[in-house]
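What's in my_file-v5.cif: mmCIF, C-alpha atoms
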```cif
data_entry
loop_
_atom_site.group_PDB
_atom_site.id
_atom_site.type_symbol
_atom_site.label_atom_id
_atom_site.label_comp_id
_atom_site.auth_asym_id
_atom_site.auth_seq_id
_atom_site.Cartn_x
_atom_site.Cartn_y
_atom_site.Cartn_z
ATOM 1 C CA MET V 160 62.710 6.751 -32.273
ATOM 2 C CA LEU V 161 60.820 9.977 -31.671
ATOM 3 C CA ALA V 162 58.166 8.974 -34.197
ATOM 4 C CA THR V 163 57.387 5.729 -32.350
ATOM 5 C CA ARG V 164 56.499 7.633 -29.163
ATOM 6 C CA MET V 165 54.073 10.062 -30.817
ATOM 7 C CA SER V 166 50.575 9.724 -32.249
ATOM 8 C CA ILE V 167 50.329 11.015 -35.802
ATOM 9 C CA TRP V 168 47.568 11.381 -38.384
ATOM 10 C CA ASP V 169 48.366 8.472 -40.693
ATOM 11 C CA SER V 170 45.394 8.815 -43.021
ATOM 12 C CA PRO V 171 41.980 10.534 -42.964
ATOM 13 C CA GLY V 172 39.701 9.005 -40.329
ATOM 14 C CA THR V 173 42.506 6.949 -38.666
ATOM 15 C CA VAL V 174 44.781 7.574 -35.675
ATOM 16 C CA THR V 175 48.112 5.711 -35.346
ATOM 17 C CA GLU V 176 49.186 5.247 -31.698
ATOM 18 C CA SER V 177 52.744 4.731 -30.443
ATOM 19 C CA ARG V 178 52.091 0.977 -30.116
ATOM 20 C CA GLY V 179 51.124 0.815 -33.750
ATOM 21 C CA SER V 180 47.360 0.098 -33.156
ATOM 22 C CA ARG V 181 44.872 1.820 -35.432
ATOM 23 C CA LEU V 182 41.532 3.146 -34.040
ATOM 24 C CA PRO V 183 38.931 4.724 -36.347
ATOM 25 C CA VAL V 184 37.994 8.274 -35.416
ATOM 26 C CA GLY V 185 34.337 7.573 -36.318
ATOM 27 C CA ARG V 186 34.048 5.099 -33.452
ATOM 28 C CA PHE V 187 35.025 7.766 -30.930
ATOM 29 C CA ALA V 188 32.370 10.058 -32.376
ATOM 30 C CA VAL V 189 29.663 7.389 -31.981
ATOM 31 C CA LEU V 190 30.708 6.614 -28.398
ATOM 32 C CA GLY V 191 30.721 10.315 -27.569
ATOM 33 C CA CYS V 192 27.207 10.799 -28.945
ATOM 34 C CA ALA V 193 25.919 7.753 -27.034
ATOM 35 C CA ALA V 194 27.398 9.057 -23.785
ATOM 36 C CA ALA V 195 25.815 12.472 -24.365
ATOM 37 C CA VAL V 196 22.392 10.909 -25.000
ATOM 38 C CA LEU V 197 22.702 8.810 -21.833
ATOM 39 C CA LEU V 198 23.506 11.900 -19.765
ATOM 40 C CA VAL V 199 20.457 13.692 -21.184
ATOM 41 C CA VAL V 200 18.200 10.730 -20.343
ATOM 42 C CA ILE V 201 19.554 10.546 -16.781
ATOM 43 C CA ALA V 202 19.082 14.297 -16.308
ATOM 44 C CA ALA V 203 15.524 14.139 -17.621
ATOM 45 C CA ALA V 204 14.657 11.216 -15.358
ATOM 46 C CA THR V 205 16.054 13.068 -12.350
ATOM 47 C CA ALA V 206 14.096 16.210 -13.222
ATOM 48 C CA CYS V 207 10.862 14.267 -13.643
ATOM 49 C CA SER V 208 11.161 12.295 -10.406
ATOM 50 C CA SER V 209 8.602 13.304 -7.766
ATOM 51 C CA PRO V 210 8.595 12.971 -3.982
ATOM 52 C CA TRP V 211 4.850 12.207 -4.168
ATOM 53 C CA GLU V 212 3.840 8.554 -4.022
ATOM 54 C CA ARG V 213 0.741 7.474 -5.946
ATOM 55 C CA LEU V 214 -2.006 5.808 -3.868
ATOM 56 C CA PRO V 215 -4.391 3.282 -5.450
ATOM 57 C CA PHE V 216 -8.089 4.095 -5.170
ATOM 58 C CA VAL V 217 -11.432 2.757 -6.361
ATOM 59 C CA GLU V 218 -14.333 4.835 -7.671
ATOM 60 C CA VAL V 219 -17.379 3.605 -5.749
ATOM 61 C CA ALA V 220 -20.199 5.858 -6.953
ATOM 62 C CA GLY V 221 -20.927 9.276 -8.372
ATOM 63 C CA GLY V 222 -23.747 11.552 -9.427
ATOM 64 C CA SER V 223 -25.034 15.099 -9.251
ATOM 65 C CA LEU V 224 -28.091 15.245 -6.991
ATOM 66 C CA LEU V 225 -27.662 15.528 -3.218
ATOM 67 C CA ALA V 226 -30.475 15.724 -0.690
ATOM 68 C CA HIS V 227 -32.651 18.763 -1.354
ATOM 69 C CA ASP V 228 -31.134 22.020 -0.100
ATOM 70 C CA SER V 229 -28.289 20.194 1.687
ATOM 71 C CA TYR V 230 -25.259 21.883 0.095
ATOM 72 C CA HIS V 231 -24.655 25.275 -1.507
ATOM 73 C CA GLY V 232 -20.880 25.695 -1.149
ATOM 74 C CA GLY V 233 -17.881 25.259 -3.431
ATOM 75 C CA PRO V 234 -15.501 22.321 -3.903
ATOM 76 C CA ARG V 235 -15.062 20.167 -0.806
ATOM 77 C CA LEU V 236 -13.399 16.918 0.221
ATOM 78 C CA PHE V 237 -14.707 14.641 2.974
ATOM 79 C CA VAL V 238 -12.414 12.020 4.502
ATOM 80 C CA ILE V 239 -14.608 9.515 6.346
ATOM 81 C CA VAL V 240 -12.855 7.044 8.624
ATOM 82 C CA ASP V 241 -15.588 5.135 10.489
ATOM 83 C CA GLU V 242 -19.215 4.031 10.436
ATOM 84 C CA GLU V 243 -20.370 6.885 12.676
ATOM 85 C CA GLN V 244 -18.930 9.544 10.373
ATOM 86 C CA TRP V 245 -20.389 7.810 7.331
ATOM 87 C CA ALA V 246 -23.853 7.629 8.936
ATOM 88 C CA GLY V 247 -23.696 11.351 9.682
ATOM 89 C CA PHE V 248 -22.597 12.188 6.139
ATOM 90 C CA TRP V 249 -25.266 10.004 4.544
ATOM 91 C CA SER V 250 -27.995 11.393 6.760
ATOM 92 C CA GLU V 251 -27.157 14.990 5.818
ATOM 93 C CA TYR V 252 -26.270 14.727 2.126
ATOM 94 C CA GLN V 253 -27.917 11.471 0.984
ATOM 95 C CA PRO V 254 -27.563 11.475 -2.820
ATOM 96 C CA GLN V 255 -30.897 11.228 -4.587
ATOM 97 C CA ASP V 256 -29.542 9.580 -7.734
ATOM 98 C CA LEU V 257 -28.039 6.442 -6.156
ATOM 99 C CA ASN V 258 -30.071 3.265 -6.029
ATOM 100 C CA GLU V 259 -28.392 2.044 -2.850
ATOM 101 C CA GLU V 260 -26.062 3.279 -0.146
ATOM 102 C CA PRO V 261 -22.396 2.314 -0.660
ATOM 103 C CA SER V 262 -20.796 0.160 2.025
ATOM 104 C CA PHE V 263 -17.241 0.335 3.398
ATOM 105 C CA THR V 264 -15.052 -1.789 5.664
ATOM 106 C CA PHE V 265 -13.691 1.061 7.745
ATOM 107 C CA ASP V 266 -11.210 -1.123 9.599
ATOM 108 C CA THR V 267 -9.214 -1.363 6.368
ATOM 109 C CA GLU V 268 -10.385 1.504 4.148
ATOM 110 C CA LEU V 269 -11.363 5.170 4.015
ATOM 111 C CA ALA V 270 -14.170 6.835 2.099
ATOM 112 C CA LEU V 271 -13.166 9.968 0.191
ATOM 113 C CA VAL V 272 -16.119 12.042 -1.016
ATOM 114 C CA ILE V 273 -15.526 14.853 -3.506
ATOM 115 C CA PHE V 274 -18.052 17.664 -3.897
ATOM 116 C CA LEU V 275 -17.556 19.860 -6.963
ATOM 117 C CA GLY V 276 -19.888 22.531 -5.579
ATOM 118 C CA GLU V 277 -23.300 23.794 -6.571
ATOM 119 C CA LYS V 278 -23.779 24.191 -10.337
ATOM 120 C CA SER V 279 -26.528 25.853 -12.369
ATOM 121 C CA SER V 280 -26.928 22.897 -14.742
ATOM 122 C CA GLY V 281 -26.319 19.189 -15.082
ATOM 123 C CA GLY V 282 -23.689 17.514 -17.250
ATOM 124 C CA TYR V 283 -20.671 17.978 -14.959
ATOM 125 C CA VAL V 284 -18.324 15.019 -14.616
ATOM 126 C CA ILE V 285 -15.540 14.675 -12.034
ATOM 127 C CA ARG V 286 -12.381 12.900 -13.139
ATOM 128 C CA VAL V 287 -9.707 11.939 -10.588
ATOM 129 C CA HIS V 288 -6.231 12.257 -12.079
ATOM 130 C CA ARG V 289 -4.480 10.784 -9.057
ATOM 131 C CA VAL V 290 -4.353 10.459 -5.283
ATOM 132 C CA GLU V 291 -0.858 10.863 -3.865
ATOM 133 C CA GLN V 292 0.988 11.299 -0.594
ATOM 134 C CA MET V 293 4.198 12.967 0.567
ATOM 135 C CA ALA V 294 4.824 12.478 4.304
ATOM 136 C CA GLU V 295 1.830 13.997 6.131
ATOM 137 C CA LYS V 296 0.324 15.560 2.991
ATOM 138 C CA VAL V 297 -2.232 13.813 0.793
ATOM 139 C CA GLN V 298 -3.609 15.449 -2.331
ATOM 140 C CA VAL V 299 -6.485 14.442 -4.563
ATOM 141 C CA VAL V 300 -6.038 15.886 -8.054
ATOM 142 C CA ILE V 301 -9.299 16.284 -9.977
ATOM 143 C CA GLU V 302 -10.591 17.768 -13.178
ATOM 144 C CA SER V 303 -14.192 18.614 -14.026
ATOM 145 C CA THR V 304 -15.703 18.667 -17.474
ATOM 146 C CA LEU V 305 -19.101 19.814 -18.731
ATOM 147 C CA GLN V 306 -20.809 17.546 -21.216
ATOM 148 C CA ALA V 307 -23.182 20.024 -22.845
ATOM 149 C CA ALA V 308 -25.265 17.331 -24.529
ATOM 150 C CA MET V 309 -26.416 16.080 -21.121
ATOM 151 C CA ALA V 310 -26.819 19.400 -19.333
ATOM 152 C CA PRO V 311 -30.393 19.963 -18.110
ATOM 153 C CA ALA V 312 -31.039 23.423 -16.688
ATOM 154 C CA ILE V 313 -31.382 22.397 -13.045
ATOM 155 C CA ILE V 314 -29.352 23.035 -9.897
ATOM 156 C CA THR V 315 -26.910 20.170 -9.303
ATOM 157 C CA GLN V 316 -24.182 19.227 -6.828
ATOM 158 C CA PRO V 317 -21.758 16.881 -8.641
ATOM 159 C CA TYR V 318 -20.048 14.385 -6.337
ATOM 160 C CA LEU V 319 -17.771 11.351 -6.509
ATOM 161 C CA ILE V 320 -17.165 8.713 -3.809
ATOM 162 C CA LEU V 321 -13.816 6.888 -3.626
ATOM 163 C CA SER V 322 -12.439 4.053 -1.528
ATOM 164 C CA LEU V 323 -8.817 4.158 -0.329
ATOM 165 C CA GLU V 324 -7.039 1.344 1.507
ATOM 166 C CA LYS V 325 -5.528 2.461 4.822
ATOM 167 C CA ASP V 326 -2.509 0.216 4.291
ATOM 168 C CA ALA V 327 -1.666 2.182 1.137
ATOM 169 C CA LEU V 328 -0.916 5.296 3.208
ATOM 170 C CA GLN V 329 2.784 5.975 3.851
ATOM 171 C CA GLN V 330 1.971 7.130 7.355
ATOM 172 C CA LYS V 331 -1.085 7.788 9.497
ATOM 173 C CA GLY V 332 -1.979 10.211 12.270
ATOM 174 C CA VAL V 333 -2.893 13.816 11.447
ATOM 175 C CA LEU V 334 -2.737 14.212 7.664
ATOM 176 C CA GLU V 335 -3.394 17.303 5.576
ATOM 177 C CA PHE V 336 -5.745 16.406 2.723
ATOM 178 C CA THR V 337 -6.105 18.824 -0.177
ATOM 179 C CA LEU V 338 -8.276 18.867 -3.257
ATOM 180 C CA THR V 339 -6.415 20.409 -6.213
ATOM 181 C CA ASP V 340 -6.831 20.897 -9.940
ATOM 182 C CA PRO V 341 -4.293 19.617 -12.524
ATOM 183 C CA ALA V 342 -2.503 23.002 -12.475
ATOM 184 C CA GLY V 343 -1.849 22.629 -8.740
ATOM 185 C CA GLU V 344 -4.382 25.199 -7.533
ATOM 186 C CA GLU V 345 -5.821 24.205 -4.161
ATOM 187 C CA LEU V 346 -9.604 23.947 -4.170
ATOM 188 C CA PHE V 347 -10.049 22.735 -0.597
ATOM 189 C CA GLY V 348 -7.840 21.678 2.290
ATOM 190 C CA GLN V 349 -8.368 20.273 5.771
ATOM 191 C CA ALA V 350 -6.530 18.126 8.327
ATOM 192 C CA PHE V 351 -7.975 14.727 9.190
ATOM 193 C CA THR V 352 -6.795 12.155 11.721
ATOM 194 C CA ILE V 353 -6.269 8.651 10.367
ATOM 195 C CA GLU V 354 -5.900 6.114 13.158
ATOM 196 C CA PRO V 355 -4.069 2.796 12.677
ATOM 197 C CA ARG V 356 -6.247 -0.254 12.138
ATOM 198 C CA ALA V 357 -7.381 -2.052 15.282
ATOM 199 C CA SER V 358 -5.233 -5.066 14.354
ATOM 200 C CA ASP V 359 -2.181 -2.794 13.962
ATOM 201 C CA ARG V 360 -2.728 -1.284 17.426
ATOM 202 C CA ARG V 361 -2.840 -4.766 18.980
ATOM 203 C CA LEU V 362 0.574 -5.548 17.523
ATOM 204 C CA ARG V 363 2.250 -2.589 19.268
#
```

Would you mind writing the structure in this file as structure tokens?
Amino acid sequence: MLATRMSIWDSPGTVTESRGSRLPVGRFAVLGCAAAVLLVVIAAATACSSPWERLPFVEVAGGSLLAHDSYHGGPRLFVIVDEEQWAGFWSEYQPQDLNEEPSFTFDTELALVIFLGEKSSGGYVIRVHRVEQMAEKVQVVIESTLQAAMAPAIITQPYLILSLEKDALQQKGVLEFTLTDPAGEELFGQAFTIEPRASDRRLR
């Protein structure tokens, strides 16, 4: 009777239970490995999750020649929210290498203008990795590259103009916009006020 209540090793690779059922040891090993892999995947997904939400954007125009003697600083980000601000920006910095002035519907979108800063040659290209928001913080992550084959020895001011839909923002009001590199180093930061659309204000 004692033997019927105990589990014994009946043969290599097989366990005999008290009810007489036989379960292969190899199956337990496979299930254990699968569970371990699943835990690793879950842990990796949790570690890689980010509180930042990606915001869709459109590249409108870009170049490297601003109005003569109009800018001599370093990296800068402009957040332009209405026609008046855009007119002031265009009047001061009017790019010389654009055939026509970009247009925006400021009731529904923002213009983001990235200045890389004054450079001693041409050939610089601005690449936007992502635009993302976490609560009242918005960051624009960029990378610049120098294409030596197209680098004339002239003073340039590389720039890139983006369009961003207001409805894509998680929240509005006073937002802290930063320009950063892929390593997370802040290149420029400033607070801007983003008002709700006129149609949104009428619904309140």

Nearest to Leu328 of chain V among V:Gln255, V:Thr267, V:Ser250, V:Gln292, with distances taken over all atoms listed in the file: which residue is it?
->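 For Leu328 of chain V, the nearest of the candidates is V:Gln292.
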
Distance in Å - atom CA of Val238 of chain V versus atom CA of Phe336 of chain V |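 Taking atom CA of Val238 of chain V and atom CA of Phe336 of chain V, their separation equals 8.2 Å.
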
V:Leu275, V:Ile285, V:Leu236, V:Thr264 ranked by distance to Ala350 of chain V, top pick (using all atoms listed in the file) =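 Of V:Leu275, V:Ile285, V:Leu236, V:Thr264, the one nearest Ala350 of chain V, counting all atoms listed in the file, is V:Leu236.
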
Using only C-alpha atoms, the shortest atom-to-atom distance to Leu214 of chain V among V:Val333, V:Ala327, V:Ile353, V:Leu338 belongs to V:Ala327

Coordinates-based distance that separates atom CA of Leu271 of chain V from atom CA of Glu324 of chain V (Å, one decimal) =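 Spanning atom CA of Glu324 of chain V to atom CA of Leu271 of chain V is a straight-line distance of 10.7 Å.
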
Output of the PyMOL selection byres ((chain V and resi 306) around 9), listed as number ranges by chain | V: 281-284, 304-305, 307-310

Please return, as a PyMOL selection string, all polymer residues that have at least one atom within 12 Å of the point (-10.8, 8.7, -3.9); use all atoms listed in the file and the file's own coordinate frame.
-> chain V and resi 213-221+236-239+268-274+285-291+297-301+318-325+336-338

Give me the result of the PyMOL selection byres ((chain V and resi 226-229) around 9) on this file, residue by residue, as a ChimeraX atom specification.
-> /V:224-225,230-231,250-255

One-decimal distance in Å that lies between atom CA of Thr315 of chain V and atom CA of Gly222 of chain V =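 One can read the atom CA of Gly222 of chain V to atom CA of Thr315 of chain V distance as 9.2 Å.
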
Output check: residues returned by the PyMOL selection byres ((chain V and resi 234) around 7), as a compact mmCIF listing (two decimals) with C-alpha atoms, keeping the file's coordinate frame:
```
# COMPACT_ATOMS: atom_id res chain seq x y z
CA GLY V 232 -20.88 25.70 -1.15
CA GLY V 233 -17.88 25.26 -3.43
CA ARG V 235 -15.06 20.17 -0.81
CA PHE V 274 -18.05 17.66 -3.90
CA LEU V 275 -17.56 19.86 -6.96
CA GLY V 276 -19.89 22.53 -5.58
CA LEU V 346 -9.60 23.95 -4.17
CA PHE V 347 -10.05 22.74 -0.60
```

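Between Ala246 of chain V and the candidates V:Glu354, V:Pro261, V:Glu345, V:Ala294, the tightest atom-to-atom separation, counting all atoms listed in the file, involves V:Pro261.
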
Option closest in space to Gly343 of chain V, from V:Pro317, V:Glu302, V:Glu260, V:Ser280 [counting all atoms listed in the file] =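 Between V:Pro317, V:Glu302, V:Glu260, V:Ser280, the residue approaching Gly343 of chain V most closely is V:Glu302.
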
From the list V:Glu212, V:Asp266, V:Glu335, V:Asp241, which residue is nearest Glu295 of chain V when using all atoms listed in the file?
-> V:Glu335
